[in-house]
Amino acid sequence: MKNTVKVHGFHGGIHPPENKKQSTGAPISLAPVPARVILPLQQHIGLPAEPVVSVGDRVLKGQLVAEAVGRISANIHASISGTVVAIAPHPVPHMSGMEAGCLIIESDGRDEWVEHQGIEDYTKLPKQDLIEYIRQSGIAGMGGAGFPTDVKLHLGDDHIVNTLIINAAECEPYITADDMLMRERADEVLGGIEIIAHLLKPLHIMVGIEDNKPQAIRALHAALDNSPLNLDIVITPTKYPSGGEKQLIKLLTGVEVPSGRIPADVGIVCQNIGTTTAIYRAVVRGEPLISRIVTVTGQAAGHKQNYEVRIGTRFTDLLDHSEVRREQMHRLVVGGPMMGITVTNEQIPVIKTTNCLIAGSIEEMPPQPPAQACIRCGMCEQVCPAELLPQQLYWFAKGKEFDKARHHNLFDCIECGACSYVCPSNIPLVQYYRFAKAEIRKEDEEQRKADHARIRFEARLERLEREKIEKEERRKQRAIEAAAAQAAKKDAALSNASTPTASSAAASTGPDLKQLKSNAAIARTKLRKAEKALANAQEKGLEGIETLQATLQQLQLKSDQAEKAYTDAQNTPPQKPTQAAPETDLKQLKNNAAIARTKLKKAEKQLRIAQESGTGDIDTLNAQIAELQAKSLAAEKAYKDAESGNAPAATASVNTAELETDIAAMQGKIDKAEKAWKAAVDSGSPAADKMAAGVDKLKDKLKALQDELTHIRNSASAAPTATADTSELESDIATLQGKVDKAVSAWKAAVESGSPAADKMAAGVDKLKDKLKALQDELTHIRASASAAPAAIADTSELESDIATLQGKVNKAESAWKAAVESGSPAADKMAAGVDKLKDKLTTLQDELAQVKTSAVDTPATITEAEPVTSLKELKQQVSIMRTKLKKAEKQLAELPEGETNPVLEADIAELKARHDAAQAIFNAAEAEKAAAAAQQGIDLKQLKIDAAMARAAVTKAERALSKAEDDHKQTLEEELLAARTEAEKLNSTLERFSE
């Protein structure tokens, strides 16, 4: 193809000595396989990769050894076969000379490939799958900062690519890696361009190359002129830095990328020559990015040429192979002389962005002369390719006037070094610009933290004021209700006094058998405790035995009296009350019948599953079904008899513990939603408005639940009534809610991937939601039709105090962890694990509180046998309750003055310990049974827990990456976070299924 494209120009630029002919006299040579490779986990822009191998593992060439974390990241593959000997910090190529995490592999001498194969016809593969294949190959930009290539190839619907530019300029002196690659492998360059064009569908493709590469230009014409693509090879004048992305775009198209924007915003995508070749090898040959072309040059080098070098090869190995004369080498530069960095440690490895090593002599690279005062000559402004005012930026950076430097577009500086090159005063201008950029970033981070703290403080003040107003309104409402209740009580007393039948009815009421039975049980419990305490004291020879014996005699007397009172009351014939019998509650009987049918259906379903799988106790299930059939028939008969007027039925009471638990759970959701919304506001996310609407909806639901609870408590009557058992219905609702959540997640993933099945999945979601709504309406109807009954109130003050204390610790730990994340502290991961542990403890205490409130009964609190427990969660809660009681008792014993004993408390501790051990043993047995059931289905429960934990960690990492990301990349990070959450929900749902 002929060069018919007009070449534009860009401001500034320089013409330093090229020194390229030193390394173009010989063809590309294969560097020897190193005995050891050092693979940094961060060879790209973005988050470092996460190792997927361990020390001691044997790996093959091309095997994945570190996996990308987050959207902006890249995979790392082994470049040799051998053994992983260390995963530890090691010096890496960076201007700071810092160390970073690296994976070190010792070669086994075999250089054995992992099984690999290219794609036979990539055009038949869906584009998303092809992009994912490139991502899995670990390809990142090989000519600049190492931006992950798959991100550039997955721009989204809001970016339309008009022009694809292949950067073949290679403008920096000394470097000839791309030049030799085009000369010898032009067919691979064409293959990579065709793959990129297939993905992006550009209207025009332009290959930009400087006119100082005539042989490469001829090779490109020979390979590309017959291509069916709309492709032009554009030859540009030799000028530094024409290879800069924005400068090359201006040269080839005349379009200027606006400040703070990326080329994709103006419909242009740039890719480097080396990157196109890596894409071709990955897709056609199935080879991940494990090697690259590196130029070795400089006067101290014995063989100045280009080598194909394995990623991770140490500089010393490459320099030895090229016979570098160390005594003559004055400086070792990684990259070009303009933008490269000087290193002193030859153990630093070659990475994906290493394109050149210059072993310069002192004549070739003399020491930098001392800087002198600026003479305001303006030469730096004339050569600046970004059209900045370098001398002005220098004054602002030197005077620490960072706001002025920012307003003069400091961040548009590409740090090409042209200004420093022409400065007659030898001022290191680029160093000042880097310093100013770092300080501005630091100030921005501090300002962001201050704004976040201010928003939280203002929100707290607003909340406290709102709570104060609400508290005053509740106080007034209670006063009004108390006055009304007092007036009603007086009216009832006057009515009873004027009605003789009422007093006679009250007088005819018999003794309270329930209360007498409770009194007798309490007396027996106290007597047993005293007996244990006396026996313990006698066994250990403790003091105070006479006092314990006297106490035992008193308790024995009280127990005999309570037993006698209860026995006499049982023998006393009951007297019929004169008032009318209570009316039959048909609704409750109907509900009881429905619940009995539901239990029977569930038992029959369990029996079918057990018969099909051949597991479980079928005889026991048959017995349960027979019992449930009898109960169902009895409930149906009771309802029909009551409906026909043949039998009375007692009304049911309302248990508000579940409603209170729902309110607490809803409050937790609101707190999380508000936290996420505030984070979105802080980061400037466009989803903040939708999240605010969601928070308002949650608050409305919470208000509705609170109003319902207030209504139930106000309308509760004092008469003892029967309680409806809605546990099975609530379990069905919870199960169906999990199915709805899974279906919604799957539907969202289908919508985002453009799957044609999304519409059918949406219909399925609607059906599930309708079923859930029907069950919720049934539960609401059952609760609404039940009347309240007085119940004994469990003393949960100490437990609530522990929860409040632990909540404070969780808040402090979260604040410290966020501060560590924002400051980039390496201890952030450990602190995150500590926060998760505290949250688990808090969740355990909250579950315990909910269970205590739910299990409150009409009798006073005594140590009685626990109700049968069927789920691992309930068993775990029971163990937790026993542990908490035991720790409290032990704490009370430890707080006694030195030398003082409490035999009663010691006896309680011994009994609590026995109960705790028994509960723990039951839980362990149930857990083992669940593990066995999982194993029969081919599921490793232990591995499932690990996978679920890793999935939650992946969600946390994705959230951190999203919080730190720039606006340009937030969309892709949000997609990745959604995928991570979907995977975590899937694993957690499976894990919960084996914890029921």
# chains A, B, ... in the order shown; residues from 1 in each chain; ligands from 1
>>> residues_around(residues="region 6-22 of chain A", least_positions_apart="6", cutoff="6 Å", atoms="only C-alpha atoms", output="list in words")
Pro173, Tyr174, Lys239, Tyr240, Leu251, Leu252, Gly254, Gln382, Val383, Cys384 and Pro385 of chain A
>>> select_by_dssp(residues="region 250-385 of chain A", states="helix (DSSP H, G or I)", output="PDB file with N, CA and C atoms, in the first residue's frame")
ATOM      1  N   LYS A 250      -1.261  12.773  17.050  1.00  0.00           N
ATOM      2  CA  LYS A 250      -1.263  14.095  16.417  1.00  0.00           C
ATOM      3  C   LYS A 250      -0.553  14.045  15.061  1.00  0.00           C
ATOM      4  N   LEU A 251       0.538  13.305  14.956  1.00  0.00           N
ATOM      5  CA  LEU A 251       1.265  13.196  13.690  1.00  0.00           C
ATOM      6  C   LEU A 251       0.413  12.541  12.608  1.00  0.00           C
ATOM      7  N   LEU A 252      -0.255  11.449  12.941  1.00  0.00           N
ATOM      8  CA  LEU A 252      -0.943  10.647  11.937  1.00  0.00           C
ATOM      9  C   LEU A 252      -2.337  11.160  11.620  1.00  0.00           C
ATOM     10  N   THR A 253      -3.043  11.715  12.584  1.00  0.00           N
ATOM     11  CA  THR A 253      -4.448  12.090  12.371  1.00  0.00           C
ATOM     12  C   THR A 253      -4.701  13.581  12.504  1.00  0.00           C
ATOM     13  N   PRO A 263      -7.029   8.188  24.513  1.00  0.00           N
ATOM     14  CA  PRO A 263      -7.303   8.146  23.072  1.00  0.00           C
ATOM     15  C   PRO A 263      -8.648   7.535  22.716  1.00  0.00           C
ATOM     16  N   ALA A 264      -9.107   6.568  23.494  1.00  0.00           N
ATOM     17  CA  ALA A 264     -10.392   5.939  23.179  1.00  0.00           C
ATOM     18  C   ALA A 264     -11.533   6.933  23.230  1.00  0.00           C
ATOM     19  N   ASP A 265     -11.382   8.020  24.000  1.00  0.00           N
ATOM     20  CA  ASP A 265     -12.432   9.037  24.074  1.00  0.00           C
ATOM     21  C   ASP A 265     -12.605   9.781  22.757  1.00  0.00           C
ATOM     22  N   VAL A 266     -11.580   9.752  21.889  1.00  0.00           N
ATOM     23  CA  VAL A 266     -11.699  10.398  20.584  1.00  0.00           C
ATOM     24  C   VAL A 266     -11.727   9.349  19.463  1.00  0.00           C
ATOM     25  N   ILE A 273       4.118  -2.470  18.424  1.00  0.00           N
ATOM     26  CA  ILE A 273       4.508  -3.567  17.539  1.00  0.00           C
ATOM     27  C   ILE A 273       4.751  -4.853  18.323  1.00  0.00           C
ATOM     28  N   GLY A 274       5.475  -4.756  19.439  1.00  0.00           N
ATOM     29  CA  GLY A 274       5.740  -5.947  20.249  1.00  0.00           C
ATOM     30  C   GLY A 274       4.466  -6.554  20.790  1.00  0.00           C
ATOM     31  N   THR A 275       3.484  -5.713  21.149  1.00  0.00           N
ATOM     32  CA  THR A 275       2.223  -6.218  21.681  1.00  0.00           C
ATOM     33  C   THR A 275       1.447  -6.981  20.621  1.00  0.00           C
ATOM     34  N   THR A 276       1.436  -6.467  19.372  1.00  0.00           N
ATOM     35  CA  THR A 276       0.714  -7.179  18.309  1.00  0.00           C
ATOM     36  C   THR A 276       1.313  -8.565  18.063  1.00  0.00           C
ATOM     37  N   THR A 277       2.648  -8.656  18.118  1.00  0.00           N
ATOM     38  CA  THR A 277       3.291  -9.962  17.931  1.00  0.00           C
ATOM     39  C   THR A 277       2.938 -10.917  19.068  1.00  0.00           C
ATOM     40  N   ALA A 278       2.911 -10.394  20.305  1.00  0.00           N
ATOM     41  CA  ALA A 278       2.548 -11.239  21.448  1.00  0.00           C
ATOM     42  C   ALA A 278       1.117 -11.737  21.330  1.00  0.00           C
ATOM     43  N   ILE A 279       0.203 -10.887  20.835  1.00  0.00           N
ATOM     44  CA  ILE A 279      -1.189 -11.310  20.640  1.00  0.00           C
ATOM     45  C   ILE A 279      -1.253 -12.433  19.604  1.00  0.00           C
ATOM     46  N   TYR A 280      -0.508 -12.289  18.512  1.00  0.00           N
ATOM     47  CA  TYR A 280      -0.499 -13.325  17.467  1.00  0.00           C
ATOM     48  C   TYR A 280      -0.010 -14.665  18.028  1.00  0.00           C
ATOM     49  N   ARG A 281       1.097 -14.635  18.763  1.00  0.00           N
ATOM     50  CA  ARG A 281       1.640 -15.885  19.301  1.00  0.00           C
ATOM     51  C   ARG A 281       0.679 -16.526  20.301  1.00  0.00           C
ATOM     52  N   ALA A 282      -0.013 -15.709  21.078  1.00  0.00           N
ATOM     53  CA  ALA A 282      -0.937 -16.256  22.073  1.00  0.00           C
ATOM     54  C   ALA A 282      -2.143 -16.903  21.408  1.00  0.00           C
ATOM     55  N   VAL A 283      -2.725 -16.232  20.407  1.00  0.00           N
ATOM     56  CA  VAL A 283      -3.960 -16.724  19.803  1.00  0.00           C
ATOM     57  C   VAL A 283      -3.681 -17.870  18.822  1.00  0.00           C
ATOM     58  N   VAL A 284      -2.682 -17.725  17.967  1.00  0.00           N
ATOM     59  CA  VAL A 284      -2.442 -18.713  16.909  1.00  0.00           C
ATOM     60  C   VAL A 284      -1.625 -19.896  17.424  1.00  0.00           C
ATOM     61  N   ARG A 285      -0.626 -19.644  18.278  1.00  0.00           N
ATOM     62  CA  ARG A 285       0.237 -20.728  18.752  1.00  0.00           C
ATOM     63  C   ARG A 285      -0.079 -21.180  20.176  1.00  0.00           C
ATOM     64  N   PHE A 315      19.678  -9.497  34.726  1.00  0.00           N
ATOM     65  CA  PHE A 315      20.526  -8.669  33.877  1.00  0.00           C
ATOM     66  C   PHE A 315      21.941  -9.257  33.771  1.00  0.00           C
ATOM     67  N   THR A 316      22.445  -9.783  34.873  1.00  0.00           N
ATOM     68  CA  THR A 316      23.818 -10.301  34.866  1.00  0.00           C
ATOM     69  C   THR A 316      23.981 -11.443  33.878  1.00  0.00           C
ATOM     70  N   ASP A 317      22.954 -12.310  33.740  1.00  0.00           N
ATOM     71  CA  ASP A 317      23.029 -13.414  32.782  1.00  0.00           C
ATOM     72  C   ASP A 317      23.068 -12.889  31.353  1.00  0.00           C
ATOM     73  N   LEU A 318      22.247 -11.877  31.063  1.00  0.00           N
ATOM     74  CA  LEU A 318      22.201 -11.328  29.715  1.00  0.00           C
ATOM     75  C   LEU A 318      23.483 -10.562  29.384  1.00  0.00           C
ATOM     76  N   LEU A 319      24.002  -9.818  30.373  1.00  0.00           N
ATOM     77  CA  LEU A 319      25.241  -9.074  30.149  1.00  0.00           C
ATOM     78  C   LEU A 319      26.425 -10.020  29.951  1.00  0.00           C
ATOM     79  N   ASP A 320      26.441 -11.118  30.709  1.00  0.00           N
ATOM     80  CA  ASP A 320      27.514 -12.103  30.532  1.00  0.00           C
ATOM     81  C   ASP A 320      27.461 -12.719  29.145  1.00  0.00           C
ATOM     82  N   HIS A 321      26.240 -13.017  28.676  1.00  0.00           N
ATOM     83  CA  HIS A 321      26.104 -13.641  27.358  1.00  0.00           C
ATOM     84  C   HIS A 321      26.574 -12.696  26.249  1.00  0.00           C
ATOM     85  N   MET A 379      14.190  27.750  26.077  1.00  0.00           N
ATOM     86  CA  MET A 379      14.427  26.610  25.192  1.00  0.00           C
ATOM     87  C   MET A 379      13.584  25.400  25.583  1.00  0.00           C
ATOM     88  N   CYS A 380      13.344  25.236  26.878  1.00  0.00           N
ATOM     89  CA  CYS A 380      12.553  24.083  27.344  1.00  0.00           C
ATOM     90  C   CYS A 380      11.120  24.171  26.816  1.00  0.00           C
ATOM     91  N   GLU A 381      10.589  25.385  26.754  1.00  0.00           N
ATOM     92  CA  GLU A 381       9.219  25.554  26.257  1.00  0.00           C
ATOM     93  C   GLU A 381       9.150  25.253  24.768  1.00  0.00           C
ATOM     94  N   GLN A 382      10.216  25.569  24.044  1.00  0.00           N
ATOM     95  CA  GLN A 382      10.223  25.366  22.597  1.00  0.00           C
ATOM     96  C   GLN A 382      10.247  23.880  22.227  1.00  0.00           C
ATOM     97  N   VAL A 383      10.831  23.036  23.065  1.00  0.00           N
ATOM     98  CA  VAL A 383      10.951  21.618  22.721  1.00  0.00           C
ATOM     99  C   VAL A 383       9.909  20.751  23.403  1.00  0.00           C
TER     100      VAL A 383
END
>>> atom_distance(atom1="CA of Val53 (chain A)", atom2="CA of Ile293 (chain A)")
27.1 Å
>>> atom_distance(atom1="CA of Glu898 (chain A)", atom2="CA of Gln549 (chain A)")
24.3 Å
>>> residues_around(residues="Thr176 (chain A)", least_positions_apart="4", cutoff="12 Å", atoms="only C-alpha atoms", output="ChimeraX atom specification")
/A:18-28,143,168-172,180-183,212-213,216,273-274,293-297,304-307,335-336,355-358
>>> write_last_selection(atoms="N, CA and C atoms", output="compact mmCIF listing (two decimals), in the first residue's frame")
# COMPACT_ATOMS: atom_id res chain seq x y z
N GLU A 18 21.19 9.19 17.43
CA GLU A 18 20.37 7.97 17.42
C GLU A 18 21.11 6.77 18.00
N ASN A 19 22.35 6.52 17.58
CA ASN A 19 23.13 5.37 18.06
C ASN A 19 22.37 4.05 17.90
N LYS A 20 21.62 3.91 16.79
CA LYS A 20 20.85 2.69 16.58
C LYS A 20 21.60 1.64 15.76
N LYS A 21 22.57 2.09 14.95
CA LYS A 21 23.25 1.14 14.07
C LYS A 21 24.15 0.17 14.83
N GLN A 22 24.47 0.50 16.11
CA GLN A 22 25.32 -0.39 16.90
C GLN A 22 24.72 -1.80 17.01
N SER A 23 23.36 -1.86 17.15
CA SER A 23 22.72 -3.15 17.47
C SER A 23 21.93 -3.73 16.33
N THR A 24 22.04 -3.17 15.10
CA THR A 24 21.28 -3.72 13.97
C THR A 24 22.15 -4.49 12.98
N GLY A 25 23.39 -4.72 13.34
CA GLY A 25 24.28 -5.43 12.43
C GLY A 25 24.11 -6.93 12.46
N ALA A 26 23.44 -7.45 13.45
CA ALA A 26 23.25 -8.90 13.57
C ALA A 26 21.77 -9.20 13.77
N PRO A 27 21.30 -10.36 13.32
CA PRO A 27 19.88 -10.70 13.50
C PRO A 27 19.54 -10.98 14.97
N ILE A 28 18.25 -11.12 15.21
CA ILE A 28 17.79 -11.45 16.57
C ILE A 28 18.32 -12.83 16.94
N GLY A 143 5.54 -1.57 25.07
CA GLY A 143 6.31 -0.43 24.62
C GLY A 143 6.24 0.75 25.55
N ALA A 168 4.95 1.98 15.58
CA ALA A 168 6.22 1.38 15.17
C ALA A 168 7.32 2.43 15.10
N ALA A 169 7.12 3.58 15.78
CA ALA A 169 8.06 4.69 15.67
C ALA A 169 9.40 4.37 16.32
N GLU A 170 9.36 3.85 17.53
CA GLU A 170 10.57 3.53 18.29
C GLU A 170 11.58 4.69 18.20
N CYS A 171 11.16 5.84 18.79
CA CYS A 171 11.89 7.09 18.59
C CYS A 171 13.10 7.23 19.50
N GLU A 172 13.16 6.51 20.62
CA GLU A 172 14.24 6.75 21.58
C GLU A 172 15.58 6.23 21.05
N MET A 180 14.08 -4.47 14.58
CA MET A 180 14.49 -5.82 14.16
C MET A 180 13.30 -6.77 14.13
N LEU A 181 12.34 -6.56 15.00
CA LEU A 181 11.15 -7.41 15.00
C LEU A 181 10.37 -7.24 13.70
N MET A 182 10.26 -5.99 13.20
CA MET A 182 9.55 -5.76 11.94
C MET A 182 10.34 -6.32 10.76
N ARG A 183 11.66 -6.24 10.82
CA ARG A 183 12.46 -6.76 9.72
C ARG A 183 12.30 -8.28 9.58
N ASN A 212 13.82 6.62 9.58
CA ASN A 212 15.18 6.11 9.79
C ASN A 212 15.22 4.59 9.85
N LYS A 213 14.14 3.91 9.42
CA LYS A 213 14.08 2.45 9.45
C LYS A 213 13.70 1.94 8.06
N ALA A 216 12.95 -1.97 7.77
CA ALA A 216 11.69 -2.34 8.41
C ALA A 216 10.51 -1.89 7.56
N ILE A 273 4.12 -2.47 18.42
CA ILE A 273 4.51 -3.57 17.54
C ILE A 273 4.75 -4.85 18.32
N GLY A 274 5.47 -4.76 19.44
CA GLY A 274 5.74 -5.95 20.25
C GLY A 274 4.47 -6.55 20.79
N ILE A 293 11.77 -9.30 22.94
CA ILE A 293 13.01 -8.87 22.30
C ILE A 293 13.62 -7.75 23.14
N VAL A 294 14.93 -7.86 23.48
CA VAL A 294 15.64 -6.87 24.27
C VAL A 294 16.90 -6.46 23.52
N THR A 295 17.11 -5.15 23.40
CA THR A 295 18.33 -4.64 22.78
C THR A 295 19.42 -4.53 23.84
N VAL A 296 20.59 -5.12 23.57
CA VAL A 296 21.76 -4.98 24.44
C VAL A 296 22.81 -4.19 23.65
N THR A 297 23.15 -3.00 24.15
CA THR A 297 24.03 -2.11 23.39
C THR A 297 24.87 -1.29 24.36
N LYS A 304 26.81 -6.29 20.46
CA LYS A 304 25.68 -5.34 20.46
C LYS A 304 24.64 -5.85 19.47
N GLN A 305 23.57 -6.39 20.00
CA GLN A 305 22.52 -6.92 19.14
C GLN A 305 21.24 -7.12 19.95
N ASN A 306 20.22 -7.65 19.28
CA ASN A 306 18.94 -7.90 19.93
C ASN A 306 18.81 -9.38 20.24
N TYR A 307 18.26 -9.67 21.43
CA TYR A 307 18.10 -11.04 21.89
C TYR A 307 16.63 -11.28 22.22
N GLY A 335 16.17 0.69 29.50
CA GLY A 335 15.40 1.56 28.63
C GLY A 335 16.33 2.45 27.83
N GLY A 336 15.79 3.55 27.30
CA GLY A 336 16.59 4.46 26.51
C GLY A 336 17.30 5.49 27.37
N ASN A 355 12.83 -3.18 27.26
CA ASN A 355 13.14 -3.26 25.83
C ASN A 355 14.61 -3.00 25.50
N CYS A 356 15.41 -2.56 26.49
CA CYS A 356 16.79 -2.23 26.17
C CYS A 356 17.66 -2.21 27.42
N LEU A 357 18.92 -2.65 27.30
CA LEU A 357 19.95 -2.52 28.32
C LEU A 357 21.14 -1.81 27.67
N ILE A 358 21.53 -0.67 28.24
CA ILE A 358 22.66 0.09 27.71
C ILE A 358 23.81 0.00 28.70
>>> residues_around(residues="Ala762 (chain A)", least_positions_apart="4", cutoff="7 Å", atoms="only C-alpha atoms", output="list in words")
Trp747, Ala758 and Asp766 of chain A
>>> write_last_selection(atoms="C-alpha atoms", output="tab-separated table (two decimals), in the first residue's frame")
chain	number	residue	atom	x	y	z
A	747	TRP	CA	-30.26	-12.75	35.21
A	758	ALA	CA	-32.03	-12.93	29.55
A	766	ASP	CA	-40.86	-12.70	38.24
>>> closest_residue(among="A:Pro91, A:Gly399, A:Pro428, A:Gly754", to="Gln128 (chain A)", atoms="only C-alpha atoms")
A:Gly754
>>> atom_distance(atom1="CA of Ser880 (chain A)", atom2="CA of Ala914 (chain A)")
13.9 Å
>>> select_by_dssp(residues="region 100-217 of chain A", states="strand (DSSP E or B)", output="VMD selection string")
chain A and resid 100 to 107 113 140 148 163 to 167 204 to 210
>>> write_last_selection(atoms="N, CA and C atoms", output="PDB file, in the first residue's frame")
ATOM      1  N   ALA A 100      10.157  -5.656  45.543  1.00  0.00           N
ATOM      2  CA  ALA A 100       8.744  -6.002  45.420  1.00  0.00           C
ATOM      3  C   ALA A 100       8.610  -7.514  45.422  1.00  0.00           C
ATOM      4  N   GLY A 101       7.380  -7.982  45.597  1.00  0.00           N
ATOM      5  CA  GLY A 101       7.140  -9.414  45.640  1.00  0.00           C
ATOM      6  C   GLY A 101       7.505 -10.096  44.330  1.00  0.00           C
ATOM      7  N   CYS A 102       8.256 -11.165  44.404  1.00  0.00           N
ATOM      8  CA  CYS A 102       8.714 -11.898  43.222  1.00  0.00           C
ATOM      9  C   CYS A 102       8.572 -13.396  43.456  1.00  0.00           C
ATOM     10  N   LEU A 103       8.431 -14.114  42.343  1.00  0.00           N
ATOM     11  CA  LEU A 103       8.353 -15.572  42.371  1.00  0.00           C
ATOM     12  C   LEU A 103       9.604 -16.103  41.680  1.00  0.00           C
ATOM     13  N   ILE A 104      10.418 -16.880  42.404  1.00  0.00           N
ATOM     14  CA  ILE A 104      11.729 -17.317  41.921  1.00  0.00           C
ATOM     15  C   ILE A 104      11.671 -18.806  41.568  1.00  0.00           C
ATOM     16  N   ILE A 105      12.125 -19.138  40.336  1.00  0.00           N
ATOM     17  CA  ILE A 105      12.065 -20.515  39.839  1.00  0.00           C
ATOM     18  C   ILE A 105      13.472 -20.954  39.444  1.00  0.00           C
ATOM     19  N   GLU A 106      13.890 -22.127  39.942  1.00  0.00           N
ATOM     20  CA  GLU A 106      15.154 -22.738  39.552  1.00  0.00           C
ATOM     21  C   GLU A 106      14.902 -23.687  38.375  1.00  0.00           C
ATOM     22  N   SER A 107      15.721 -23.588  37.332  1.00  0.00           N
ATOM     23  CA  SER A 107      15.530 -24.415  36.141  1.00  0.00           C
ATOM     24  C   SER A 107      15.925 -25.874  36.414  1.00  0.00           C
ATOM     25  N   TRP A 113       7.654 -27.640  27.977  1.00  0.00           N
ATOM     26  CA  TRP A 113       6.441 -26.823  27.795  1.00  0.00           C
ATOM     27  C   TRP A 113       5.249 -27.464  28.510  1.00  0.00           C
ATOM     28  N   ALA A 140       0.462  -7.674  28.183  1.00  0.00           N
ATOM     29  CA  ALA A 140       0.383  -6.269  28.568  1.00  0.00           C
ATOM     30  C   ALA A 140       1.197  -5.464  27.570  1.00  0.00           C
ATOM     31  N   PRO A 148      -2.567  -3.446  30.739  1.00  0.00           N
ATOM     32  CA  PRO A 148      -3.117  -4.739  30.293  1.00  0.00           C
ATOM     33  C   PRO A 148      -3.840  -4.609  28.958  1.00  0.00           C
ATOM     34  N   THR A 163     -10.208   4.613  14.437  1.00  0.00           N
ATOM     35  CA  THR A 163      -8.851   4.450  13.928  1.00  0.00           C
ATOM     36  C   THR A 163      -8.045   3.576  14.877  1.00  0.00           C
ATOM     37  N   LEU A 164      -7.358   2.583  14.316  1.00  0.00           N
ATOM     38  CA  LEU A 164      -6.405   1.763  15.051  1.00  0.00           C
ATOM     39  C   LEU A 164      -5.005   2.169  14.610  1.00  0.00           C
ATOM     40  N   ILE A 165      -4.173   2.588  15.561  1.00  0.00           N
ATOM     41  CA  ILE A 165      -2.812   3.017  15.259  1.00  0.00           C
ATOM     42  C   ILE A 165      -1.835   1.998  15.825  1.00  0.00           C
ATOM     43  N   ILE A 166      -0.945   1.500  14.963  1.00  0.00           N
ATOM     44  CA  ILE A 166       0.117   0.593  15.390  1.00  0.00           C
ATOM     45  C   ILE A 166       1.394   1.427  15.522  1.00  0.00           C
ATOM     46  N   ASN A 167       1.901   1.499  16.750  1.00  0.00           N
ATOM     47  CA  ASN A 167       3.056   2.355  17.047  1.00  0.00           C
ATOM     48  C   ASN A 167       4.349   1.607  16.711  1.00  0.00           C
ATOM     49  N   HIS A 204     -10.249   2.459   9.958  1.00  0.00           N
ATOM     50  CA  HIS A 204      -8.968   2.734   9.318  1.00  0.00           C
ATOM     51  C   HIS A 204      -7.842   2.259  10.240  1.00  0.00           C
ATOM     52  N   ILE A 205      -6.807   1.645   9.648  1.00  0.00           N
ATOM     53  CA  ILE A 205      -5.645   1.202  10.415  1.00  0.00           C
ATOM     54  C   ILE A 205      -4.425   1.931   9.877  1.00  0.00           C
ATOM     55  N   MET A 206      -3.623   2.478  10.783  1.00  0.00           N
ATOM     56  CA  MET A 206      -2.431   3.229  10.394  1.00  0.00           C
ATOM     57  C   MET A 206      -1.238   2.691  11.173  1.00  0.00           C
ATOM     58  N   VAL A 207      -0.147   2.376  10.419  1.00  0.00           N
ATOM     59  CA  VAL A 207       1.100   1.943  11.048  1.00  0.00           C
ATOM     60  C   VAL A 207       2.069   3.127  10.946  1.00  0.00           C
ATOM     61  N   GLY A 208       2.388   3.721  12.088  1.00  0.00           N
ATOM     62  CA  GLY A 208       3.272   4.883  12.104  1.00  0.00           C
ATOM     63  C   GLY A 208       4.716   4.470  12.347  1.00  0.00           C
ATOM     64  N   ILE A 209       5.634   4.810  11.395  1.00  0.00           N
ATOM     65  CA  ILE A 209       7.029   4.415  11.513  1.00  0.00           C
ATOM     66  C   ILE A 209       7.909   5.565  11.063  1.00  0.00           C
ATOM     67  N   GLU A 210       9.047   5.796  11.745  1.00  0.00           N
ATOM     68  CA  GLU A 210       9.956   6.872  11.388  1.00  0.00           C
ATOM     69  C   GLU A 210      10.765   6.500  10.128  1.00  0.00           C
TER      70      GLU A 210
END
